[in-house]
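Asker: My questions will all concern the structure given below.
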Amino acid sequence: MSHHIDDIGMLAVQVKRPVIEKTDLRALTDAVRPDLVGAYKGKRYMIRTYGCQMNEHDTEVMAGLLEILGYDSTEDEELADLILFNTCAVRENAENKVFGEVGRIRPLKYRNPELLIGVCGCMPQEKAVQAKIRETYPWIDLVFGTHNLHRLPELVEQAYASQETVMEVWDKAQFMLDDLPKVRKEGVRAWVNIQYGCNKFCTYCIVPYTRGRERSRTLTSIVDEVKGLVASGFKEITVLGQNVNDYGIDLGNADFADLLRAIGRVEGIERVRFTTSNPWNFTDRVIAAIAETETVCEHIHLPVQSGSNAVLRKMNRGYTREYYLQLVKKIRAAIPNVALTTDIIVGFPTETEEDFLQTLQLIEEVSYDSAYTFIYSPRTGTPAARLEDPVPLEVKKERLNRLMELQNKISRLHNEQLIGKTLEVLIEGVSKTNPNVLSGRTRTNKIVLLDAPKEAIHQTVFTRIDAAQTWTLRGTLVTSDVETA
Ligand code: 5AD
Ligand code: SF4
């Protein structure tokens, strides 16, 4: 939940100038064949990332592997010797964007015949995408999927040697890609995988097909990684999974509540976040762990998708509107001032105006701090793609607009209620739009812009909120003695 935009699938993030952490270096020797270490010194890479935080995190792993090969990162595609598209398959427009971009950059190959262009991540897990690349984009040099990104060093080597597309996509995970090196983008927030894949099979969703079944990392390996990150200066850890509250079900010796408590107690950690949780199996134990662990932030991203029971059933979401609202009540009772955010799909096949009104009502009743909203996008191979859908796109767009209008109003109201309050803000860096202003987040994940000395970057400070907009707050520093711990 780091960007307030209406389509995370359209978000392209580039890896910034990286730092390899000491803690990660241990893993390097096993991760890359010894003769490839440093073999590409002098070459530059660029990774364009689409989609969710899981993808952004995979990009950190690929950047780590490439830097061991000797590559340096660049943000200038004209200078790059390797351009990788780490792709998202959740909605069709994100896929079209990638194909558009791959086509756009093809001429760079004429200027730099050594340039490798690669497509990886979720799209190549789809057979149709593999076929499309073979037929229409044969000049793409390498293609690999979500289960074999650790193979990147060897695939790069093969791609340099081959005239044809090197395509290696695994249908299933064979390893837990735990201990691979990573290049983290930031100095203060880090993302840690706790679980891969999804077992839920919501009927619209391609993720169970592109990411495979749920696999949890062991508690010790996660806690060790977190300890290493905190020791190297990270203050906020976000644990990642498709369904974090299913964590450990496959292991049988720890659940998500145990994990939150274990991470929350790591010496020196300031903030723990998690994403994404599912209303299904959001247990009282998890609620209690969030409420009782001081470092766990009071923000829950709890995708509801629809407020209509008929639609929820067709989506195979496994809960009803009433169950969801009851869960929200329990959460609000246990965690004061909790911020709730959500994902909503409008225009699921056969969604009626009445169904849609139920969604609007639910939004008002829950009063989310913010929401990601999407128009349903049929994904080949998913059950929903086979449903008849008489609802015209124009109607869906108009529903999306009504939904966004309502949610924006609610988001702004939430933010306005914070005016005059003094909140803890972890400063991440300078604002993207104004380098003289710093930008940080509250525990509830709201962006705060403030004037403060640059020394405050990466510190936790107290800020009085002066003004509120739909997406951001404006504040003034109130602690002069910026915390240094
Ligand atoms: N069409 C539109 N939105 C989708 N999402 C997942 N699959 C689809 C689809 N086929 C949305 C859901 C999910 C978010 C990450 O993307 O809201 O929570
Ligand atoms: Fe997709 Fe549903 Fe799994 Fe989320 S829970 S990844 S929406 S199938």
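Letters A, B, ... mark the chains of the structure tokens in the order given; residue numbers begin at 1 per chain; ligand numbers begin at 1, in order shown.
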Pick out each residue of stretch 209-380 of chain A that DSSP on the backbone tags as alpha helix (DSSP H); I need them as a VMD selection string.
Answerer: chain A and resid 209 to 211 219 to 231 256 to 264 284 to 292 309 to 314 321 to 334 353 to 366
Asker: For A:Asn415, find every residue with an atom within 7 Å (counting only C-alpha atoms), except residues of its own chain fewer than 6 positions away, and show them as a ChimeraX atom specification.
Answerer: /A:468-469,473
Asker: Convert the current residue selection to file output with all heavy atoms, as a short mmCIF file (atom, residue, chain, number, x, y, z; two decimals), in the first residue's frame.
Answerer:
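Writing the result to selection_4.cif gives the following:
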data_model
loop_
_atom_site.label_atom_id
_atom_site.label_comp_id
_atom_site.auth_asym_id
_atom_site.auth_seq_id
_atom_site.Cartn_x
_atom_site.Cartn_y
_atom_site.Cartn_z
N ALA A 468 -5.03 18.83 5.45
CA ALA A 468 -5.30 17.49 4.93
C ALA A 468 -5.83 17.55 3.52
O ALA A 468 -6.64 18.42 3.18
CB ALA A 468 -6.33 16.80 5.82
N GLN A 469 -5.32 16.64 2.67
CA GLN A 469 -5.90 16.47 1.35
C GLN A 469 -6.38 15.03 1.24
O GLN A 469 -6.27 14.27 2.19
CB GLN A 469 -4.87 16.78 0.29
CG GLN A 469 -4.56 18.27 0.26
CD GLN A 469 -3.40 18.58 -0.64
OE1 GLN A 469 -2.56 17.70 -0.88
NE2 GLN A 469 -3.35 19.80 -1.12
N LEU A 473 -1.17 14.39 4.02
CA LEU A 473 -1.31 15.32 5.14
C LEU A 473 -0.13 16.27 5.09
O LEU A 473 0.94 15.92 4.58
CB LEU A 473 -1.29 14.55 6.46
CG LEU A 473 -2.37 13.49 6.65
CD1 LEU A 473 -2.04 12.60 7.83
CD2 LEU A 473 -3.74 14.15 6.84
#
Asker: Would you compute the distance between atom CA of A:Asp466 and atom CA of A:Lys421? Give it in Å to one decimal.
Answerer: 8.3 Å
Asker: Can you build me a table of chain A residues sitting at most 12 Å from ligand 2, with the closest atom pair per residue and its distance in Å to one decimal, using only C-alpha atoms and all ligand atoms, sorted by chain and residue number, as JSON lines?
Answerer:
{"residue": "A:Cys52", "atom": "CA", "partner": "ligand 2", "partner_atom_place_in_ligand_line": "6 (S)", "distance": 10.5}
{"residue": "A:Met54", "atom": "CA", "partner": "ligand 2", "partner_atom_place_in_ligand_line": "6 (S)", "distance": 11.1}
{"residue": "A:Ala89", "atom": "CA", "partner": "ligand 2", "partner_atom_place_in_ligand_line": "1 (Fe)", "distance": 10.9}
{"residue": "A:Val90", "atom": "CA", "partner": "ligand 2", "partner_atom_place_in_ligand_line": "1 (Fe)", "distance": 8.3}
{"residue": "A:Arg91", "atom": "CA", "partner": "ligand 2", "partner_atom_place_in_ligand_line": "1 (Fe)", "distance": 11.3}
{"residue": "A:Gln195", "atom": "CA", "partner": "ligand 2", "partner_atom_place_in_ligand_line": "6 (S)", "distance": 11.8}
{"residue": "A:Tyr196", "atom": "CA", "partner": "ligand 2", "partner_atom_place_in_ligand_line": "6 (S)", "distance": 10.2}
{"residue": "A:Gly197", "atom": "CA", "partner": "ligand 2", "partner_atom_place_in_ligand_line": "6 (S)", "distance": 7.6}
{"residue": "A:Cys198", "atom": "CA", "partner": "ligand 2", "partner_atom_place_in_ligand_line": "3 (Fe)", "distance": 4.8}
{"residue": "A:Asn199", "atom": "CA", "partner": "ligand 2", "partner_atom_place_in_ligand_line": "3 (Fe)", "distance": 6.3}
{"residue": "A:Lys200", "atom": "CA", "partner": "ligand 2", "partner_atom_place_in_ligand_line": "8 (S)", "distance": 4.7}
{"residue": "A:Phe201", "atom": "CA", "partner": "ligand 2", "partner_atom_place_in_ligand_line": "8 (S)", "distance": 4.1}
{"residue": "A:Cys202", "atom": "CA", "partner": "ligand 2", "partner_atom_place_in_ligand_line": "8 (S)", "distance": 4.1}
{"residue": "A:Thr203", "atom": "CA", "partner": "ligand 2", "partner_atom_place_in_ligand_line": "8 (S)", "distance": 7.1}
{"residue": "A:Tyr204", "atom": "CA", "partner": "ligand 2", "partner_atom_place_in_ligand_line": "1 (Fe)", "distance": 7.5}
{"residue": "A:Cys205", "atom": "CA", "partner": "ligand 2", "partner_atom_place_in_ligand_line": "1 (Fe)", "distance": 4.5}
{"residue": "A:Ile206", "atom": "CA", "partner": "ligand 2", "partner_atom_place_in_ligand_line": "1 (Fe)", "distance": 6.4}
{"residue": "A:Val207", "atom": "CA", "partner": "ligand 2", "partner_atom_place_in_ligand_line": "6 (S)", "distance": 5.0}
{"residue": "A:Pro208", "atom": "CA", "partner": "ligand 2", "partner_atom_place_in_ligand_line": "8 (S)", "distance": 5.7}
{"residue": "A:Tyr209", "atom": "CA", "partner": "ligand 2", "partner_atom_place_in_ligand_line": "8 (S)", "distance": 8.9}
{"residue": "A:Thr210", "atom": "CA", "partner": "ligand 2", "partner_atom_place_in_ligand_line": "6 (S)", "distance": 9.7}
{"residue": "A:Arg211", "atom": "CA", "partner": "ligand 2", "partner_atom_place_in_ligand_line": "6 (S)", "distance": 8.7}
{"residue": "A:Gly212", "atom": "CA", "partner": "ligand 2", "partner_atom_place_in_ligand_line": "3 (Fe)", "distance": 9.9}
{"residue": "A:Arg213", "atom": "CA", "partner": "ligand 2", "partner_atom_place_in_ligand_line": "3 (Fe)", "distance": 9.6}
{"residue": "A:Glu214", "atom": "CA", "partner": "ligand 2", "partner_atom_place_in_ligand_line": "3 (Fe)", "distance": 9.4}
{"residue": "A:Leu240", "atom": "CA", "partner": "ligand 2", "partner_atom_place_in_ligand_line": "6 (S)", "distance": 12.0}
{"residue": "A:Gly241", "atom": "CA", "partner": "ligand 2", "partner_atom_place_in_ligand_line": "6 (S)", "distance": 9.0}
{"residue": "A:Gln242", "atom": "CA", "partner": "ligand 2", "partner_atom_place_in_ligand_line": "6 (S)", "distance": 5.3}
{"residue": "A:Asn243", "atom": "CA", "partner": "ligand 2", "partner_atom_place_in_ligand_line": "5 (S)", "distance": 6.2}
{"residue": "A:Val244", "atom": "CA", "partner": "ligand 2", "partner_atom_place_in_ligand_line": "5 (S)", "distance": 9.9}
{"residue": "A:Asn245", "atom": "CA", "partner": "ligand 2", "partner_atom_place_in_ligand_line": "5 (S)", "distance": 10.7}
{"residue": "A:Asp246", "atom": "CA", "partner": "ligand 2", "partner_atom_place_in_ligand_line": "5 (S)", "distance": 10.2}
{"residue": "A:Thr275", "atom": "CA", "partner": "ligand 2", "partner_atom_place_in_ligand_line": "4 (Fe)", "distance": 10.8}
{"residue": "A:Thr276", "atom": "CA", "partner": "ligand 2", "partner_atom_place_in_ligand_line": "4 (Fe)", "distance": 7.9}
{"residue": "A:Ser277", "atom": "CA", "partner": "ligand 2", "partner_atom_place_in_ligand_line": "5 (S)", "distance": 8.4}
{"residue": "A:Asn278", "atom": "CA", "partner": "ligand 2", "partner_atom_place_in_ligand_line": "5 (S)", "distance": 6.5}
{"residue": "A:Pro279", "atom": "CA", "partner": "ligand 2", "partner_atom_place_in_ligand_line": "5 (S)", "distance": 9.3}
{"residue": "A:Trp280", "atom": "CA", "partner": "ligand 2", "partner_atom_place_in_ligand_line": "5 (S)", "distance": 8.8}
{"residue": "A:Asn281", "atom": "CA", "partner": "ligand 2", "partner_atom_place_in_ligand_line": "5 (S)", "distance": 11.2}
{"residue": "A:His301", "atom": "CA", "partner": "ligand 2", "partner_atom_place_in_ligand_line": "4 (Fe)", "distance": 11.8}
{"residue": "A:Leu302", "atom": "CA", "partner": "ligand 2", "partner_atom_place_in_ligand_line": "4 (Fe)", "distance": 10.4}
{"residue": "A:Pro303", "atom": "CA", "partner": "ligand 2", "partner_atom_place_in_ligand_line": "7 (S)", "distance": 8.2}
{"residue": "A:Val304", "atom": "CA", "partner": "ligand 2", "partner_atom_place_in_ligand_line": "7 (S)", "distance": 9.6}
{"residue": "A:Gln305", "atom": "CA", "partner": "ligand 2", "partner_atom_place_in_ligand_line": "7 (S)", "distance": 8.4}
{"residue": "A:Ser306", "atom": "CA", "partner": "ligand 2", "partner_atom_place_in_ligand_line": "7 (S)", "distance": 11.7}
{"residue": "A:Leu312", "atom": "CA", "partner": "ligand 2", "partner_atom_place_in_ligand_line": "2 (Fe)", "distance": 11.1}
{"residue": "A:Met315", "atom": "CA", "partner": "ligand 2", "partner_atom_place_in_ligand_line": "2 (Fe)", "distance": 8.5}
{"residue": "A:Asn316", "atom": "CA", "partner": "ligand 2", "partner_atom_place_in_ligand_line": "2 (Fe)", "distance": 8.2}
{"residue": "A:Arg317", "atom": "CA", "partner": "ligand 2", "partner_atom_place_in_ligand_line": "2 (Fe)", "distance": 6.9}
{"residue": "A:Gly318", "atom": "CA", "partner": "ligand 2", "partner_atom_place_in_ligand_line": "2 (Fe)", "distance": 9.7}
{"residue": "A:Tyr319", "atom": "CA", "partner": "ligand 2", "partner_atom_place_in_ligand_line": "5 (S)", "distance": 11.8}
{"residue": "A:Thr342", "atom": "CA", "partner": "ligand 2", "partner_atom_place_in_ligand_line": "7 (S)", "distance": 11.7}
{"residue": "A:Asp343", "atom": "CA", "partner": "ligand 2", "partner_atom_place_in_ligand_line": "7 (S)", "distance": 9.3}
{"residue": "A:Ile344", "atom": "CA", "partner": "ligand 2", "partner_atom_place_in_ligand_line": "7 (S)", "distance": 10.3}
{"residue": "A:Ile345", "atom": "CA", "partner": "ligand 2", "partner_atom_place_in_ligand_line": "7 (S)", "distance": 10.1}
{"residue": "A:Tyr376", "atom": "CA", "partner": "ligand 2", "partner_atom_place_in_ligand_line": "7 (S)", "distance": 11.8}
{"residue": "A:Arg379", "atom": "CA", "partner": "ligand 2", "partner_atom_place_in_ligand_line": "1 (Fe)", "distance": 11.5}
{"residue": "A:Thr382", "atom": "CA", "partner": "ligand 2", "partner_atom_place_in_ligand_line": "8 (S)", "distance": 9.8}
{"residue": "A:Pro383", "atom": "CA", "partner": "ligand 2", "partner_atom_place_in_ligand_line": "8 (S)", "distance": 11.3}
{"residue": "A:Ala384", "atom": "CA", "partner": "ligand 2", "partner_atom_place_in_ligand_line": "8 (S)", "distance": 11.7}
Asker: Could you tell me how far atom CA of A:Thr444 lies from atom CA of A:Asp369, in Å and to one decimal?
Answerer: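 A separation of 9.1 Å between them.
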Asker: Can you tell me which residues surround A:Pro138 at a distance of at most 12 Å, considering only C-alpha atoms, apart from same-chain residues fewer than 2 positions away, and format the answer as a ChimeraX atom specification?
Answerer: /A:102-103,106,117-119,130-136,140-143,163-167
Asker: For the selection you just gave me, I'd like the residues written to a file as a PDB file, in the first residue's frame, keeping N, CA and C atoms.
Answerer:
ATOM      1  N   VAL A 102       7.859  -2.932 -24.414  1.00  0.00           N
ATOM      2  CA  VAL A 102       8.865  -3.800 -25.016  1.00  0.00           C
ATOM      3  C   VAL A 102       9.032  -3.429 -26.491  1.00  0.00           C
ATOM      4  N   GLY A 103       7.929  -3.156 -27.161  1.00  0.00           N
ATOM      5  CA  GLY A 103       7.988  -2.741 -28.564  1.00  0.00           C
ATOM      6  C   GLY A 103       8.678  -1.391 -28.718  1.00  0.00           C
ATOM      7  N   ARG A 106      12.516  -1.556 -28.526  1.00  0.00           N
ATOM      8  CA  ARG A 106      13.244  -2.425 -29.446  1.00  0.00           C
ATOM      9  C   ARG A 106      14.363  -1.706 -30.217  1.00  0.00           C
ATOM     10  N   ILE A 117      17.008  -7.824 -23.727  1.00  0.00           N
ATOM     11  CA  ILE A 117      15.694  -7.430 -23.219  1.00  0.00           C
ATOM     12  C   ILE A 117      15.022  -8.675 -22.647  1.00  0.00           C
ATOM     13  N   GLY A 118      14.548  -8.572 -21.419  1.00  0.00           N
ATOM     14  CA  GLY A 118      13.949  -9.735 -20.768  1.00  0.00           C
ATOM     15  C   GLY A 118      12.568  -9.444 -20.213  1.00  0.00           C
ATOM     16  N   VAL A 119      11.738 -10.475 -20.177  1.00  0.00           N
ATOM     17  CA  VAL A 119      10.411 -10.371 -19.571  1.00  0.00           C
ATOM     18  C   VAL A 119      10.317 -11.464 -18.519  1.00  0.00           C
ATOM     19  N   GLN A 130       3.530 -16.833 -23.300  1.00  0.00           N
ATOM     20  CA  GLN A 130       4.714 -17.498 -23.886  1.00  0.00           C
ATOM     21  C   GLN A 130       4.554 -17.597 -25.403  1.00  0.00           C
ATOM     22  N   ALA A 131       3.342 -17.996 -25.820  1.00  0.00           N
ATOM     23  CA  ALA A 131       3.101 -18.159 -27.257  1.00  0.00           C
ATOM     24  C   ALA A 131       3.182 -16.815 -27.969  1.00  0.00           C
ATOM     25  N   LYS A 132       2.625 -15.784 -27.339  1.00  0.00           N
ATOM     26  CA  LYS A 132       2.629 -14.453 -27.960  1.00  0.00           C
ATOM     27  C   LYS A 132       4.066 -13.955 -28.133  1.00  0.00           C
ATOM     28  N   ILE A 133       4.900 -14.215 -27.147  1.00  0.00           N
ATOM     29  CA  ILE A 133       6.293 -13.778 -27.260  1.00  0.00           C
ATOM     30  C   ILE A 133       6.978 -14.534 -28.398  1.00  0.00           C
ATOM     31  N   ARG A 134       6.743 -15.828 -28.457  1.00  0.00           N
ATOM     32  CA  ARG A 134       7.380 -16.628 -29.529  1.00  0.00           C
ATOM     33  C   ARG A 134       6.976 -16.122 -30.902  1.00  0.00           C
ATOM     34  N   GLU A 135       5.656 -15.833 -31.034  1.00  0.00           N
ATOM     35  CA  GLU A 135       5.162 -15.460 -32.360  1.00  0.00           C
ATOM     36  C   GLU A 135       5.431 -14.008 -32.714  1.00  0.00           C
ATOM     37  N   THR A 136       5.184 -13.113 -31.747  1.00  0.00           N
ATOM     38  CA  THR A 136       5.177 -11.689 -32.102  1.00  0.00           C
ATOM     39  C   THR A 136       6.407 -10.937 -31.626  1.00  0.00           C
ATOM     40  N   ILE A 140      12.806 -10.742 -28.141  1.00  0.00           N
ATOM     41  CA  ILE A 140      13.016 -10.694 -26.682  1.00  0.00           C
ATOM     42  C   ILE A 140      14.062 -11.753 -26.354  1.00  0.00           C
ATOM     43  N   ASP A 141      15.066 -11.394 -25.563  1.00  0.00           N
ATOM     44  CA  ASP A 141      16.200 -12.300 -25.364  1.00  0.00           C
ATOM     45  C   ASP A 141      15.985 -13.336 -24.279  1.00  0.00           C
ATOM     46  N   LEU A 142      15.336 -12.927 -23.185  1.00  0.00           N
ATOM     47  CA  LEU A 142      15.134 -13.943 -22.156  1.00  0.00           C
ATOM     48  C   LEU A 142      13.791 -13.790 -21.469  1.00  0.00           C
ATOM     49  N   VAL A 143      13.243 -14.933 -21.120  1.00  0.00           N
ATOM     50  CA  VAL A 143      11.921 -14.998 -20.510  1.00  0.00           C
ATOM     51  C   VAL A 143      11.987 -16.023 -19.392  1.00  0.00           C
ATOM     52  N   GLN A 163      21.162 -16.866 -30.170  1.00  0.00           N
ATOM     53  CA  GLN A 163      20.492 -15.969 -31.112  1.00  0.00           C
ATOM     54  C   GLN A 163      18.988 -15.980 -30.851  1.00  0.00           C
ATOM     55  N   GLU A 164      18.529 -17.010 -30.150  1.00  0.00           N
ATOM     56  CA  GLU A 164      17.084 -17.160 -29.977  1.00  0.00           C
ATOM     57  C   GLU A 164      16.649 -16.780 -28.564  1.00  0.00           C
ATOM     58  N   THR A 165      15.353 -16.646 -28.397  1.00  0.00           N
ATOM     59  CA  THR A 165      14.839 -16.336 -27.065  1.00  0.00           C
ATOM     60  C   THR A 165      15.158 -17.475 -26.111  1.00  0.00           C
ATOM     61  N   VAL A 166      15.783 -17.154 -25.005  1.00  0.00           N
ATOM     62  CA  VAL A 166      15.984 -18.152 -23.954  1.00  0.00           C
ATOM     63  C   VAL A 166      14.746 -18.093 -23.065  1.00  0.00           C
ATOM     64  N   MET A 167      13.953 -19.153 -23.116  1.00  0.00           N
ATOM     65  CA  MET A 167      12.705 -19.133 -22.342  1.00  0.00           C
ATOM     66  C   MET A 167      12.712 -20.283 -21.361  1.00  0.00           C
TER      67      MET A 167
END
Asker: When you draw a straight line from atom CA of A:Val395 to atom 6 (C, counted along the ligand's line) of ligand 1, how long is it in Å?
Answerer: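 Spanning atom CA of A:Val395 to atom 6 (C, counted along the ligand's line) of ligand 1 is a straight-line distance of 19.4 Å.
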Asker: Could you pull out the strand (DSSP E or B) residues of stretch 146-217 of chain A, going by DSSP on the backbone, and write them as a PyMOL selection string?
Answerer: chain A and resi 166-168+183-184+189-193+195-196+215-216
Asker: Only N, CA and C atoms, please: the residues just picked out, written as an mmCIF file, in the first residue's frame.
Answerer:
data_model
loop_
_atom_site.group_PDB
_atom_site.id
_atom_site.type_symbol
_atom_site.label_atom_id
_atom_site.label_comp_id
_atom_site.auth_asym_id
_atom_site.auth_seq_id
_atom_site.Cartn_x
_atom_site.Cartn_y
_atom_site.Cartn_z
ATOM 1 N N VAL A 166 15.783 -17.154 -25.005
ATOM 2 C CA VAL A 166 15.984 -18.152 -23.954
ATOM 3 C C VAL A 166 14.746 -18.093 -23.065
ATOM 4 N N MET A 167 13.953 -19.153 -23.116
ATOM 5 C CA MET A 167 12.705 -19.133 -22.342
ATOM 6 C C MET A 167 12.712 -20.283 -21.361
ATOM 7 N N GLU A 168 12.665 -19.959 -20.089
ATOM 8 C CA GLU A 168 12.628 -21.019 -19.072
ATOM 9 C C GLU A 168 11.594 -20.620 -18.021
ATOM 10 N N VAL A 183 18.967 -6.359 -3.224
ATOM 11 C CA VAL A 183 19.377 -4.964 -3.176
ATOM 12 C C VAL A 183 18.157 -4.180 -2.743
ATOM 13 N N ARG A 184 18.139 -3.722 -1.507
ATOM 14 C CA ARG A 184 16.953 -3.015 -1.014
ATOM 15 C C ARG A 184 16.996 -1.573 -1.494
ATOM 16 N N ARG A 189 12.880 1.295 5.205
ATOM 17 C CA ARG A 189 11.787 0.315 5.149
ATOM 18 C C ARG A 189 12.245 -0.880 4.334
ATOM 19 N N ALA A 190 11.949 -2.077 4.823
ATOM 20 C CA ALA A 190 12.308 -3.280 4.053
ATOM 21 C C ALA A 190 11.119 -4.230 4.007
ATOM 22 N N TRP A 191 11.058 -4.981 2.918
ATOM 23 C CA TRP A 191 9.972 -5.944 2.718
ATOM 24 C C TRP A 191 10.524 -7.360 2.818
ATOM 25 N N VAL A 192 9.796 -8.219 3.492
ATOM 26 C CA VAL A 192 10.275 -9.585 3.733
ATOM 27 C C VAL A 192 9.168 -10.565 3.357
ATOM 28 N N ASN A 193 9.483 -11.491 2.495
ATOM 29 C CA ASN A 193 8.487 -12.512 2.152
ATOM 30 C C ASN A 193 8.303 -13.476 3.306
ATOM 31 N N GLN A 195 5.519 -15.809 2.872
ATOM 32 C CA GLN A 195 4.704 -16.865 2.276
ATOM 33 C C GLN A 195 4.588 -16.588 0.791
ATOM 34 N N TYR A 196 4.631 -17.637 0.026
ATOM 35 C CA TYR A 196 4.514 -17.504 -1.428
ATOM 36 C C TYR A 196 3.222 -18.190 -1.872
ATOM 37 N N ARG A 215 3.041 -21.510 0.238
ATOM 38 C CA ARG A 215 4.190 -22.089 0.934
ATOM 39 C C ARG A 215 4.688 -21.069 1.935
ATOM 40 N N SER A 216 4.837 -21.481 3.190
ATOM 41 C CA SER A 216 5.311 -20.551 4.214
ATOM 42 C C SER A 216 6.787 -20.776 4.469
#
Asker: Which neighbours of stretch 219-227 of chain A fall inside 10 Å, counting only C-alpha atoms, when residues of the same chain fewer than 6 positions from it are skipped, and could you give them as a PDB file with C-alpha atoms, in the first residue's frame?
Answerer:
ATOM      1  CA  THR A  23      23.747  -9.565   6.005  1.00  0.00           C
ATOM      2  CA  ASP A  24      22.912 -10.576   2.479  1.00  0.00           C
ATOM      3  CA  ASP A 178      14.642 -17.568   0.916  1.00  0.00           C
ATOM      4  CA  ASP A 179      18.265 -16.778   1.123  1.00  0.00           C
ATOM      5  CA  ALA A 190      12.308  -3.280   4.053  1.00  0.00           C
ATOM      6  CA  TRP A 191       9.972  -5.944   2.718  1.00  0.00           C
ATOM      7  CA  VAL A 192      10.275  -9.585   3.733  1.00  0.00           C
ATOM      8  CA  ASN A 193       8.487 -12.512   2.152  1.00  0.00           C
ATOM      9  CA  ILE A 194       6.833 -14.827   4.635  1.00  0.00           C
ATOM     10  CA  GLN A 195       4.704 -16.865   2.276  1.00  0.00           C
ATOM     11  CA  PHE A 234      16.042  -0.785   8.832  1.00  0.00           C
ATOM     12  CA  LYS A 235      13.301   0.407  11.167  1.00  0.00           C
ATOM     13  CA  GLU A 236      10.129  -0.659   9.443  1.00  0.00           C
ATOM     14  CA  ILE A 237       9.549  -4.187   8.193  1.00  0.00           C
ATOM     15  CA  THR A 238       6.606  -5.131   6.004  1.00  0.00           C
ATOM     16  CA  VAL A 239       5.952  -8.834   5.778  1.00  0.00           C
ATOM     17  CA  TYR A 247       0.867 -18.041   7.294  1.00  0.00           C
ATOM     18  CA  GLY A 248       2.056 -21.292   8.825  1.00  0.00           C
ATOM     19  CA  LEU A 251       3.915 -25.780   8.521  1.00  0.00           C
ATOM     20  CA  ASN A 253       3.910 -25.244  14.180  1.00  0.00           C
ATOM     21  CA  ALA A 254       3.277 -21.499  14.099  1.00  0.00           C
ATOM     22  CA  ASP A 255       0.559 -19.206  12.833  1.00  0.00           C
ATOM     23  CA  PHE A 256       0.476 -15.583  11.705  1.00  0.00           C
ATOM     24  CA  ASP A 258       2.940 -16.115  16.471  1.00  0.00           C
ATOM     25  CA  LEU A 259       4.910 -14.613  13.629  1.00  0.00           C
ATOM     26  CA  LEU A 260       3.691 -11.056  14.296  1.00  0.00           C
ATOM     27  CA  ALA A 262       8.001 -12.863  17.165  1.00  0.00           C
ATOM     28  CA  ILE A 263       8.913 -10.132  14.684  1.00  0.00           C
ATOM     29  CA  GLY A 264       7.386  -7.433  16.858  1.00  0.00           C
ATOM     30  CA  ARG A 265       9.789  -8.316  19.660  1.00  0.00           C
ATOM     31  CA  VAL A 266      12.957  -8.141  17.606  1.00  0.00           C
ATOM     32  CA  GLU A 267      15.286  -5.817  19.484  1.00  0.00           C
ATOM     33  CA  GLY A 268      15.342  -2.346  17.922  1.00  0.00           C
ATOM     34  CA  ILE A 269      12.491  -2.812  15.441  1.00  0.00           C
TER      35      ILE A 269
END
